[in-house]
$ cat entry13.cif   # mmCIF, N, CA and C atoms
data_start
loop_
_atom_site.label_atom_id
_atom_site.label_comp_id
_atom_site.auth_asym_id
_atom_site.auth_seq_id
_atom_site.Cartn_x
_atom_site.Cartn_y
_atom_site.Cartn_z
N MET A 1 143.09 41.34 220.20
CA MET A 1 142.99 39.90 220.26
C MET A 1 141.99 39.46 221.33
N PHE A 2 142.07 40.12 222.50
CA PHE A 2 141.16 39.78 223.58
C PHE A 2 139.71 40.02 223.16
N ARG A 3 139.46 41.11 222.46
CA ARG A 3 138.10 41.43 222.02
C ARG A 3 137.56 40.37 221.07
N ILE A 4 138.40 39.89 220.18
CA ILE A 4 137.98 38.85 219.23
C ILE A 4 137.61 37.57 219.98
N LEU A 5 138.45 37.16 220.93
CA LEU A 5 138.17 35.96 221.70
C LEU A 5 136.89 36.12 222.52
N LEU A 6 136.69 37.31 223.10
CA LEU A 6 135.49 37.57 223.87
C LEU A 6 134.25 37.48 222.98
N LEU A 7 134.32 38.07 221.81
CA LEU A 7 133.20 38.03 220.87
C LEU A 7 132.88 36.59 220.46
N ILE A 8 133.89 35.80 220.18
CA ILE A 8 133.68 34.39 219.82
C ILE A 8 133.03 33.64 220.96
N ALA A 9 133.49 33.87 222.17
CA ALA A 9 132.91 33.19 223.34
C ALA A 9 131.46 33.60 223.54
N LEU A 10 131.15 34.87 223.37
CA LEU A 10 129.77 35.33 223.53
C LEU A 10 128.86 34.74 222.47
N MET A 11 129.31 34.71 221.24
CA MET A 11 128.49 34.16 220.16
C MET A 11 128.29 32.66 220.33
N ALA A 12 129.29 31.95 220.80
CA ALA A 12 129.17 30.51 221.02
C ALA A 12 128.13 30.25 222.09
N GLY A 13 128.13 31.04 223.13
CA GLY A 13 127.14 30.90 224.19
C GLY A 13 125.75 31.23 223.70
N ALA A 14 125.63 32.25 222.88
CA ALA A 14 124.33 32.65 222.35
C ALA A 14 123.76 31.57 221.45
N MET A 15 124.60 30.98 220.61
CA MET A 15 124.13 29.97 219.69
C MET A 15 123.70 28.69 220.41
N ALA A 16 124.22 28.47 221.58
CA ALA A 16 123.81 27.30 222.35
C ALA A 16 122.36 27.42 222.80
N HIS A 17 121.84 28.65 222.88
CA HIS A 17 120.48 28.88 223.34
C HIS A 17 119.48 29.04 222.20
N ALA A 18 119.93 29.03 220.97
CA ALA A 18 119.05 29.23 219.82
C ALA A 18 119.49 28.31 218.70
N ASN A 19 118.57 28.03 217.79
CA ASN A 19 118.86 27.16 216.66
C ASN A 19 119.60 27.97 215.59
N SER A 20 120.90 27.77 215.48
CA SER A 20 121.70 28.53 214.52
C SER A 20 121.43 28.11 213.08
N ASP A 21 120.71 27.00 212.87
CA ASP A 21 120.34 26.58 211.52
C ASP A 21 119.12 27.36 211.01
N ASN A 22 118.39 27.99 211.93
CA ASN A 22 117.20 28.75 211.56
C ASN A 22 117.54 30.24 211.56
N ILE A 23 117.93 30.75 210.40
CA ILE A 23 118.22 32.18 210.27
C ILE A 23 116.90 32.87 209.93
N ILE A 24 116.45 33.73 210.82
CA ILE A 24 115.16 34.40 210.68
C ILE A 24 115.33 35.65 209.81
N PRO A 25 114.57 35.74 208.73
CA PRO A 25 114.73 36.89 207.82
C PRO A 25 114.00 38.13 208.33
N TYR A 26 114.43 39.28 207.84
CA TYR A 26 113.69 40.53 208.02
C TYR A 26 113.16 40.89 206.65
N ARG A 27 111.87 41.04 206.56
CA ARG A 27 111.24 41.43 205.30
C ARG A 27 110.71 42.85 205.43
N LYS A 28 111.21 43.74 204.60
CA LYS A 28 110.80 45.14 204.64
C LYS A 28 109.38 45.31 204.09
N GLU A 29 109.02 44.46 203.12
CA GLU A 29 107.68 44.48 202.52
C GLU A 29 107.21 43.07 202.28
N VAL A 30 105.92 42.84 202.50
CA VAL A 30 105.32 41.54 202.18
C VAL A 30 103.97 41.76 201.52
N ALA A 31 103.61 40.87 200.63
CA ALA A 31 102.30 40.87 199.98
C ALA A 31 101.71 39.48 200.17
N LEU A 32 100.51 39.44 200.73
CA LEU A 32 99.85 38.18 201.04
C LEU A 32 98.40 38.20 200.59
N LYS A 33 97.82 37.02 200.54
CA LYS A 33 96.38 36.90 200.34
C LYS A 33 95.77 36.62 201.70
N VAL A 34 94.49 36.94 201.85
CA VAL A 34 93.79 36.65 203.10
C VAL A 34 93.95 35.17 203.42
N GLY A 35 94.33 34.86 204.64
CA GLY A 35 94.52 33.49 205.08
C GLY A 35 95.97 33.03 205.05
N GLN A 36 96.83 33.74 204.34
CA GLN A 36 98.24 33.36 204.29
C GLN A 36 99.00 33.92 205.49
N ALA A 37 100.18 33.33 205.74
CA ALA A 37 101.04 33.77 206.83
C ALA A 37 102.49 33.73 206.36
N VAL A 38 103.33 34.60 206.94
CA VAL A 38 104.74 34.65 206.58
C VAL A 38 105.55 35.17 207.76
N ILE A 39 106.78 34.67 207.89
CA ILE A 39 107.69 35.20 208.90
C ILE A 39 108.14 36.57 208.41
N VAL A 40 107.96 37.61 209.24
CA VAL A 40 108.32 38.96 208.82
C VAL A 40 109.59 39.48 209.48
N ASN A 41 109.95 38.94 210.64
CA ASN A 41 111.11 39.44 211.36
C ASN A 41 111.40 38.51 212.53
N GLY A 42 112.50 38.79 213.20
CA GLY A 42 112.84 38.08 214.43
C GLY A 42 112.78 39.04 215.60
N PHE A 43 112.21 38.59 216.71
CA PHE A 43 112.16 39.39 217.93
C PHE A 43 113.36 38.99 218.77
N ARG A 44 114.25 39.94 219.00
CA ARG A 44 115.48 39.64 219.74
C ARG A 44 115.48 40.34 221.08
N GLY A 45 116.34 39.88 221.96
CA GLY A 45 116.54 40.54 223.24
C GLY A 45 117.82 41.34 223.19
N ASP A 46 118.51 41.42 224.32
CA ASP A 46 119.82 42.08 224.34
C ASP A 46 120.76 41.28 223.45
N CYS A 47 121.72 41.95 222.86
CA CYS A 47 122.66 41.29 221.95
C CYS A 47 123.29 40.07 222.61
N GLY A 48 123.21 38.94 221.92
CA GLY A 48 123.80 37.70 222.41
C GLY A 48 122.93 36.94 223.39
N GLU A 49 121.75 37.47 223.73
CA GLU A 49 120.85 36.80 224.68
C GLU A 49 119.46 36.63 224.06
N ARG A 50 118.81 35.54 224.45
CA ARG A 50 117.44 35.33 224.00
C ARG A 50 116.53 36.39 224.60
N PRO A 51 115.49 36.79 223.88
CA PRO A 51 114.54 37.74 224.47
C PRO A 51 113.85 37.11 225.68
N LYS A 52 113.60 37.91 226.67
CA LYS A 52 112.95 37.42 227.90
C LYS A 52 111.44 37.47 227.75
N ASN A 53 110.76 36.66 228.55
CA ASN A 53 109.30 36.66 228.64
C ASN A 53 108.61 36.42 227.30
N VAL A 54 109.12 35.48 226.52
CA VAL A 54 108.49 35.13 225.25
C VAL A 54 107.42 34.08 225.53
N ASP A 55 106.18 34.43 225.24
CA ASP A 55 105.05 33.53 225.44
C ASP A 55 104.58 33.06 224.07
N PRO A 56 104.80 31.78 223.73
CA PRO A 56 104.43 31.29 222.40
C PRO A 56 102.93 31.39 222.09
N LYS A 57 102.11 31.55 223.10
CA LYS A 57 100.65 31.66 222.89
C LYS A 57 100.19 33.10 222.73
N ARG A 58 101.08 34.05 222.99
CA ARG A 58 100.72 35.46 222.92
C ARG A 58 100.57 35.90 221.46
N THR A 59 99.55 36.69 221.20
CA THR A 59 99.32 37.24 219.87
C THR A 59 99.17 38.75 219.98
N ARG A 60 99.38 39.43 218.87
CA ARG A 60 99.16 40.89 218.82
C ARG A 60 98.38 41.19 217.56
N ALA A 61 97.20 41.76 217.73
CA ALA A 61 96.36 42.11 216.58
C ALA A 61 96.89 43.38 215.93
N THR A 62 96.82 43.42 214.60
CA THR A 62 97.12 44.63 213.84
C THR A 62 95.84 45.02 213.11
N LYS A 63 95.91 46.05 212.31
CA LYS A 63 94.72 46.51 211.58
C LYS A 63 94.18 45.43 210.66
N LEU A 64 95.08 44.68 210.01
CA LEU A 64 94.67 43.71 208.99
C LEU A 64 94.97 42.26 209.33
N GLY A 65 95.66 42.01 210.42
CA GLY A 65 96.06 40.64 210.72
C GLY A 65 96.43 40.43 212.17
N VAL A 66 97.20 39.38 212.38
CA VAL A 66 97.62 39.00 213.73
C VAL A 66 99.09 38.58 213.68
N LEU A 67 99.86 39.03 214.67
CA LEU A 67 101.25 38.61 214.82
C LEU A 67 101.32 37.51 215.87
N THR A 68 102.04 36.44 215.54
CA THR A 68 102.25 35.35 216.50
C THR A 68 103.73 35.03 216.59
N ILE A 69 104.07 34.19 217.55
CA ILE A 69 105.45 33.77 217.79
C ILE A 69 105.67 32.41 217.13
N GLY A 70 106.84 32.25 216.50
CA GLY A 70 107.20 30.98 215.86
C GLY A 70 108.34 30.30 216.57
N LYS A 71 109.27 29.74 215.79
CA LYS A 71 110.39 28.96 216.32
C LYS A 71 111.56 29.86 216.73
N TRP A 72 112.42 29.30 217.56
CA TRP A 72 113.66 29.97 217.95
C TRP A 72 114.66 29.87 216.82
N GLY A 73 115.50 30.87 216.71
CA GLY A 73 116.55 30.87 215.71
C GLY A 73 117.51 32.01 215.96
N MET A 74 118.11 32.48 214.87
CA MET A 74 119.06 33.59 214.94
C MET A 74 118.63 34.63 213.91
N THR A 75 118.88 35.89 214.21
CA THR A 75 118.59 36.95 213.26
C THR A 75 119.81 37.85 213.13
N LYS A 76 119.97 38.43 211.93
CA LYS A 76 121.06 39.38 211.71
C LYS A 76 120.64 40.72 212.28
N SER A 77 121.50 41.31 213.08
CA SER A 77 121.19 42.57 213.72
C SER A 77 122.31 43.57 213.50
N ARG A 78 121.95 44.73 212.93
CA ARG A 78 122.96 45.78 212.78
C ARG A 78 123.36 46.32 214.15
N ASN A 79 122.39 46.42 215.05
CA ASN A 79 122.70 46.92 216.40
C ASN A 79 123.68 46.01 217.12
N CYS A 80 123.57 44.71 216.90
CA CYS A 80 124.44 43.75 217.59
C CYS A 80 125.70 43.43 216.78
N GLY A 81 125.75 43.84 215.55
CA GLY A 81 126.92 43.60 214.73
C GLY A 81 127.02 42.19 214.19
N GLY A 82 125.91 41.51 214.04
CA GLY A 82 125.92 40.14 213.49
C GLY A 82 124.72 39.35 213.98
N LEU A 83 124.89 38.03 214.03
CA LEU A 83 123.79 37.16 214.45
C LEU A 83 123.57 37.23 215.95
N THR A 84 122.30 37.16 216.33
CA THR A 84 121.92 37.15 217.74
C THR A 84 120.66 36.29 217.90
N PRO A 85 120.46 35.64 219.03
CA PRO A 85 119.28 34.79 219.23
C PRO A 85 117.98 35.60 219.10
N ALA A 86 116.97 34.95 218.54
CA ALA A 86 115.68 35.60 218.33
C ALA A 86 114.60 34.53 218.18
N VAL A 87 113.37 34.99 218.15
CA VAL A 87 112.23 34.12 217.90
C VAL A 87 111.47 34.70 216.70
N GLU A 88 110.94 33.82 215.86
CA GLU A 88 110.23 34.26 214.67
C GLU A 88 108.98 35.05 215.04
N VAL A 89 108.71 36.10 214.27
CA VAL A 89 107.44 36.82 214.36
C VAL A 89 106.72 36.55 213.05
N ILE A 90 105.53 35.97 213.16
CA ILE A 90 104.76 35.55 211.99
C ILE A 90 103.52 36.44 211.84
N TYR A 91 103.33 36.96 210.62
CA TYR A 91 102.16 37.77 210.31
C TYR A 91 101.14 36.89 209.63
N HIS A 92 99.90 36.87 210.15
CA HIS A 92 98.78 36.12 209.58
C HIS A 92 97.79 37.13 209.00
N ALA A 93 97.57 37.10 207.69
CA ALA A 93 96.67 38.05 207.02
C ALA A 93 95.21 37.67 207.25
N LYS A 94 94.40 38.65 207.69
CA LYS A 94 92.99 38.40 207.99
C LYS A 94 92.03 39.22 207.13
N THR A 95 92.46 40.46 206.74
CA THR A 95 91.59 41.38 206.03
C THR A 95 92.38 42.08 204.92
N LYS A 96 91.72 42.38 203.79
CA LYS A 96 92.37 43.07 202.67
C LYS A 96 92.71 44.51 203.03
N GLY A 97 93.85 44.98 202.47
CA GLY A 97 94.27 46.36 202.67
C GLY A 97 95.78 46.46 202.79
N SER A 98 96.24 47.63 203.26
CA SER A 98 97.67 47.86 203.46
C SER A 98 97.90 48.48 204.83
N GLU A 99 99.02 48.14 205.43
CA GLU A 99 99.39 48.72 206.72
C GLU A 99 100.89 48.62 206.90
N THR A 100 101.40 49.41 207.80
CA THR A 100 102.80 49.34 208.20
C THR A 100 102.83 48.94 209.66
N ILE A 101 103.57 47.87 209.96
CA ILE A 101 103.70 47.40 211.34
C ILE A 101 105.15 47.60 211.78
N GLU A 102 105.37 47.51 213.08
CA GLU A 102 106.72 47.65 213.60
C GLU A 102 107.02 46.46 214.50
N VAL A 103 108.17 45.84 214.24
CA VAL A 103 108.63 44.71 215.05
C VAL A 103 110.08 44.97 215.42
N ASN A 104 110.34 45.05 216.70
CA ASN A 104 111.72 45.25 217.19
C ASN A 104 112.35 46.52 216.61
N GLY A 105 111.54 47.54 216.42
CA GLY A 105 112.04 48.81 215.89
C GLY A 105 112.16 48.87 214.38
N SER A 106 111.83 47.79 213.69
CA SER A 106 111.90 47.74 212.22
C SER A 106 110.50 47.84 211.63
N LYS A 107 110.34 48.73 210.66
CA LYS A 107 109.04 48.89 210.01
C LYS A 107 108.90 47.91 208.85
N ILE A 108 107.68 47.35 208.73
CA ILE A 108 107.39 46.37 207.69
C ILE A 108 106.08 46.79 207.01
N ARG A 109 106.13 46.93 205.70
CA ARG A 109 104.95 47.30 204.92
C ARG A 109 104.24 46.02 204.50
N VAL A 110 102.95 45.91 204.85
CA VAL A 110 102.17 44.71 204.56
C VAL A 110 101.02 45.08 203.64
N THR A 111 100.87 44.30 202.56
CA THR A 111 99.73 44.43 201.65
C THR A 111 99.00 43.09 201.64
N VAL A 112 97.70 43.14 201.92
CA VAL A 112 96.87 41.92 201.90
C VAL A 112 95.86 42.08 200.79
N LYS A 113 95.87 41.10 199.87
CA LYS A 113 94.96 41.14 198.70
C LYS A 113 93.81 40.18 198.89
#
$ encode --input "entry13.cif" --output "structure tokens"
Amino acid sequence: MFRILLLIALMAGAMAHANSDNIIPYRKEVALKVGQAVIVNGFRGDCGERPKNVDPKRTRATKLGVLTIGKWGMTKSRNCGGLTPAVEVIYHAKTKGSETIEVNGSKIRVTVK
């Protein structure tokens, strides 16, 4: 009983720091055209806590595109056993081809046409 109450209290606190209406999806595969963008995953911190040092202006180049940061929300995490605060990771397609990227330990196959 104590564990259940503790879990509820932790999740309530976590949701106060993130938009629980924005459930961030994990996409194992995406297909885009050059110039398109899609949310591919959520970047999370420790279970129940927002990730630290999130800079909305920071980008990460990949072989075919660029990863940027989007809105705050919640993502489903097997490691955390449910929803946890996260920020959207958005893939912007720049060049044709295929690549596999990794976000938060999850691999995502990207095809740009």
$ residues_around --input "entry13.cif" --residues "Phe43 in chain A" --least-positions-apart "2" --cutoff "12 Å" --atoms "only C-alpha atoms" --output "ChimeraX atom specification"
/A:24-26,39-41,45-47,49-55,67-77,84-90,102-106
$ write_last_selection --input "entry13.cif" --atoms "N, CA and C atoms" --output "short mmCIF file (atom, residue, chain, number, x, y, z; two decimals), in the frame of the given file"
data_model
loop_
_atom_site.label_atom_id
_atom_site.label_comp_id
_atom_site.auth_asym_id
_atom_site.auth_seq_id
_atom_site.Cartn_x
_atom_site.Cartn_y
_atom_site.Cartn_z
N ILE A 24 116.45 33.73 210.82
CA ILE A 24 115.16 34.40 210.68
C ILE A 24 115.33 35.65 209.81
N PRO A 25 114.57 35.74 208.73
CA PRO A 25 114.73 36.89 207.82
C PRO A 25 114.00 38.13 208.33
N TYR A 26 114.43 39.28 207.84
CA TYR A 26 113.69 40.53 208.02
C TYR A 26 113.16 40.89 206.65
N ILE A 39 106.78 34.67 207.89
CA ILE A 39 107.69 35.20 208.90
C ILE A 39 108.14 36.57 208.41
N VAL A 40 107.96 37.61 209.24
CA VAL A 40 108.32 38.96 208.82
C VAL A 40 109.59 39.48 209.48
N ASN A 41 109.95 38.94 210.64
CA ASN A 41 111.11 39.44 211.36
C ASN A 41 111.40 38.51 212.53
N GLY A 45 116.34 39.88 221.96
CA GLY A 45 116.54 40.54 223.24
C GLY A 45 117.82 41.34 223.19
N ASP A 46 118.51 41.42 224.32
CA ASP A 46 119.82 42.08 224.34
C ASP A 46 120.76 41.28 223.45
N CYS A 47 121.72 41.95 222.86
CA CYS A 47 122.66 41.29 221.95
C CYS A 47 123.29 40.07 222.61
N GLU A 49 121.75 37.47 223.73
CA GLU A 49 120.85 36.80 224.68
C GLU A 49 119.46 36.63 224.06
N ARG A 50 118.81 35.54 224.45
CA ARG A 50 117.44 35.33 224.00
C ARG A 50 116.53 36.39 224.60
N PRO A 51 115.49 36.79 223.88
CA PRO A 51 114.54 37.74 224.47
C PRO A 51 113.85 37.11 225.68
N LYS A 52 113.60 37.91 226.67
CA LYS A 52 112.95 37.42 227.90
C LYS A 52 111.44 37.47 227.75
N ASN A 53 110.76 36.66 228.55
CA ASN A 53 109.30 36.66 228.64
C ASN A 53 108.61 36.42 227.30
N VAL A 54 109.12 35.48 226.52
CA VAL A 54 108.49 35.13 225.25
C VAL A 54 107.42 34.08 225.53
N ASP A 55 106.18 34.43 225.24
CA ASP A 55 105.05 33.53 225.44
C ASP A 55 104.58 33.06 224.07
N LEU A 67 99.86 39.03 214.67
CA LEU A 67 101.25 38.61 214.82
C LEU A 67 101.32 37.51 215.87
N THR A 68 102.04 36.44 215.54
CA THR A 68 102.25 35.35 216.50
C THR A 68 103.73 35.03 216.59
N ILE A 69 104.07 34.19 217.55
CA ILE A 69 105.45 33.77 217.79
C ILE A 69 105.67 32.41 217.13
N GLY A 70 106.84 32.25 216.50
CA GLY A 70 107.20 30.98 215.86
C GLY A 70 108.34 30.30 216.57
N LYS A 71 109.27 29.74 215.79
CA LYS A 71 110.39 28.96 216.32
C LYS A 71 111.56 29.86 216.73
N TRP A 72 112.42 29.30 217.56
CA TRP A 72 113.66 29.97 217.95
C TRP A 72 114.66 29.87 216.82
N GLY A 73 115.50 30.87 216.71
CA GLY A 73 116.55 30.87 215.71
C GLY A 73 117.51 32.01 215.96
N MET A 74 118.11 32.48 214.87
CA MET A 74 119.06 33.59 214.94
C MET A 74 118.63 34.63 213.91
N THR A 75 118.88 35.89 214.21
CA THR A 75 118.59 36.95 213.26
C THR A 75 119.81 37.85 213.13
N LYS A 76 119.97 38.43 211.93
CA LYS A 76 121.06 39.38 211.71
C LYS A 76 120.64 40.72 212.28
N SER A 77 121.50 41.31 213.08
CA SER A 77 121.19 42.57 213.72
C SER A 77 122.31 43.57 213.50
N THR A 84 122.30 37.16 216.33
CA THR A 84 121.92 37.15 217.74
C THR A 84 120.66 36.29 217.90
N PRO A 85 120.46 35.64 219.03
CA PRO A 85 119.28 34.79 219.23
C PRO A 85 117.98 35.60 219.10
N ALA A 86 116.97 34.95 218.54
CA ALA A 86 115.68 35.60 218.33
C ALA A 86 114.60 34.53 218.18
N VAL A 87 113.37 34.99 218.15
CA VAL A 87 112.23 34.12 217.90
C VAL A 87 111.47 34.70 216.70
N GLU A 88 110.94 33.82 215.86
CA GLU A 88 110.23 34.26 214.67
C GLU A 88 108.98 35.05 215.04
N VAL A 89 108.71 36.10 214.27
CA VAL A 89 107.44 36.82 214.36
C VAL A 89 106.72 36.55 213.05
N ILE A 90 105.53 35.97 213.16
CA ILE A 90 104.76 35.55 211.99
C ILE A 90 103.52 36.44 211.84
N GLU A 102 105.37 47.51 213.08
CA GLU A 102 106.72 47.65 213.60
C GLU A 102 107.02 46.46 214.50
N VAL A 103 108.17 45.84 214.24
CA VAL A 103 108.63 44.71 215.05
C VAL A 103 110.08 44.97 215.42
N ASN A 104 110.34 45.05 216.70
CA ASN A 104 111.72 45.25 217.19
C ASN A 104 112.35 46.52 216.61
N GLY A 105 111.54 47.54 216.42
CA GLY A 105 112.04 48.81 215.89
C GLY A 105 112.16 48.87 214.38
N SER A 106 111.83 47.79 213.69
CA SER A 106 111.90 47.74 212.22
C SER A 106 110.50 47.84 211.63
#
$ resolve_selection --input "entry13.cif" --expression "the PyMOL selection byres ((chain A and resi 60-66) around 5)" --output "PDB file with N, CA and C atoms, in the frame of the given file"
ATOM      1  N   ARG A  58     101.080  34.050 222.990  1.00  0.00           N
ATOM      2  CA  ARG A  58     100.720  35.460 222.920  1.00  0.00           C
ATOM      3  C   ARG A  58     100.570  35.900 221.460  1.00  0.00           C
ATOM      4  N   THR A  59      99.550  36.690 221.200  1.00  0.00           N
ATOM      5  CA  THR A  59      99.320  37.240 219.870  1.00  0.00           C
ATOM      6  C   THR A  59      99.170  38.750 219.980  1.00  0.00           C
ATOM      7  N   LEU A  67      99.860  39.030 214.670  1.00  0.00           N
ATOM      8  CA  LEU A  67     101.250  38.610 214.820  1.00  0.00           C
ATOM      9  C   LEU A  67     101.320  37.510 215.870  1.00  0.00           C
ATOM     10  N   THR A  68     102.040  36.440 215.540  1.00  0.00           N
ATOM     11  CA  THR A  68     102.250  35.350 216.500  1.00  0.00           C
ATOM     12  C   THR A  68     103.730  35.030 216.590  1.00  0.00           C
ATOM     13  N   TYR A  91     103.330  36.960 210.620  1.00  0.00           N
ATOM     14  CA  TYR A  91     102.160  37.770 210.310  1.00  0.00           C
ATOM     15  C   TYR A  91     101.140  36.890 209.630  1.00  0.00           C
ATOM     16  N   HIS A  92      99.900  36.870 210.150  1.00  0.00           N
ATOM     17  CA  HIS A  92      98.780  36.120 209.580  1.00  0.00           C
ATOM     18  C   HIS A  92      97.790  37.130 209.000  1.00  0.00           C
ATOM     19  N   ALA A  93      97.570  37.100 207.690  1.00  0.00           N
ATOM     20  CA  ALA A  93      96.670  38.050 207.020  1.00  0.00           C
ATOM     21  C   ALA A  93      95.210  37.670 207.250  1.00  0.00           C
ATOM     22  N   LYS A  94      94.400  38.650 207.690  1.00  0.00           N
ATOM     23  CA  LYS A  94      92.990  38.400 207.990  1.00  0.00           C
ATOM     24  C   LYS A  94      92.030  39.220 207.130  1.00  0.00           C
ATOM     25  N   THR A  95      92.460  40.460 206.740  1.00  0.00           N
ATOM     26  CA  THR A  95      91.590  41.380 206.030  1.00  0.00           C
ATOM     27  C   THR A  95      92.380  42.080 204.920  1.00  0.00           C
TER      28      THR A  95
END
$ atom_distance --input "entry13.cif" --atom1 "CA of Leu32 in chain A" --atom2 "atom C of Val112 in chain A"
5.6 Å
$ atom_distance --input "entry13.cif" --atom1 "CA of Cys80 in chain A" --atom2 "CA of Gly48 in chain A"
7.8 Å
$ select_by_dssp --input "entry13.cif" --residues "chain A" --states "strand (DSSP E)" --output "PyMOL selection string"
chain A and resi 23-24+29-32+37-44+60-61+65-77+82-93+97-103+106-112
$ atom_distance --input "entry13.cif" --atom1 "CA of Gly81 in chain A" --atom2 "CA of Ile23 in chain A"
15.0 Å
$ select_by_dssp --input "entry13.cif" --residues "chain A" --states "alpha helix (DSSP H)" --output "list in words"
Phe2, Arg3, Ile4, Leu5, Leu6, Leu7, Ile8, Ala9, Leu10, Met11, Ala12, Gly13, Ala14, Met15 and Ala16 of chain A
$ axis_aligned_box --input "entry13.cif" --around "range 102-108 of chain A" --padding-each-side "5 Å" --output "JSON"
{"center_x": 108.9, "center_y": 46.8, "center_z": 212.1, "size_x": 17.0, "size_y": 14.2, "size_z": 20.2}
$ resolve_selection --input "entry13.cif" --expression "the PyMOL selection byres ((chain A and resi 113) around 6)" --output "short mmCIF file (atom, residue, chain, number, x, y, z; two decimals) with N, CA and C atoms, in the frame of the given file"
data_model
loop_
_atom_site.label_atom_id
_atom_site.label_comp_id
_atom_site.auth_asym_id
_atom_site.auth_seq_id
_atom_site.Cartn_x
_atom_site.Cartn_y
_atom_site.Cartn_z
N LEU A 32 100.51 39.44 200.73
CA LEU A 32 99.85 38.18 201.04
C LEU A 32 98.40 38.20 200.59
N LYS A 33 97.82 37.02 200.54
CA LYS A 33 96.38 36.90 200.34
C LYS A 33 95.77 36.62 201.70
N VAL A 34 94.49 36.94 201.85
CA VAL A 34 93.79 36.65 203.10
C VAL A 34 93.95 35.17 203.42
N LYS A 96 91.72 42.38 203.79
CA LYS A 96 92.37 43.07 202.67
C LYS A 96 92.71 44.51 203.03
N GLY A 97 93.85 44.98 202.47
CA GLY A 97 94.27 46.36 202.67
C GLY A 97 95.78 46.46 202.79
N THR A 111 100.87 44.30 202.56
CA THR A 111 99.73 44.43 201.65
C THR A 111 99.00 43.09 201.64
N VAL A 112 97.70 43.14 201.92
CA VAL A 112 96.87 41.92 201.90
C VAL A 112 95.86 42.08 200.79
#
$ resolve_selection --input "entry13.cif" --expression "the PyMOL selection byres ((chain A and resi 30) around 7)" --output "PyMOL selection string"
chain A and resi 27-29+31-32+108-112
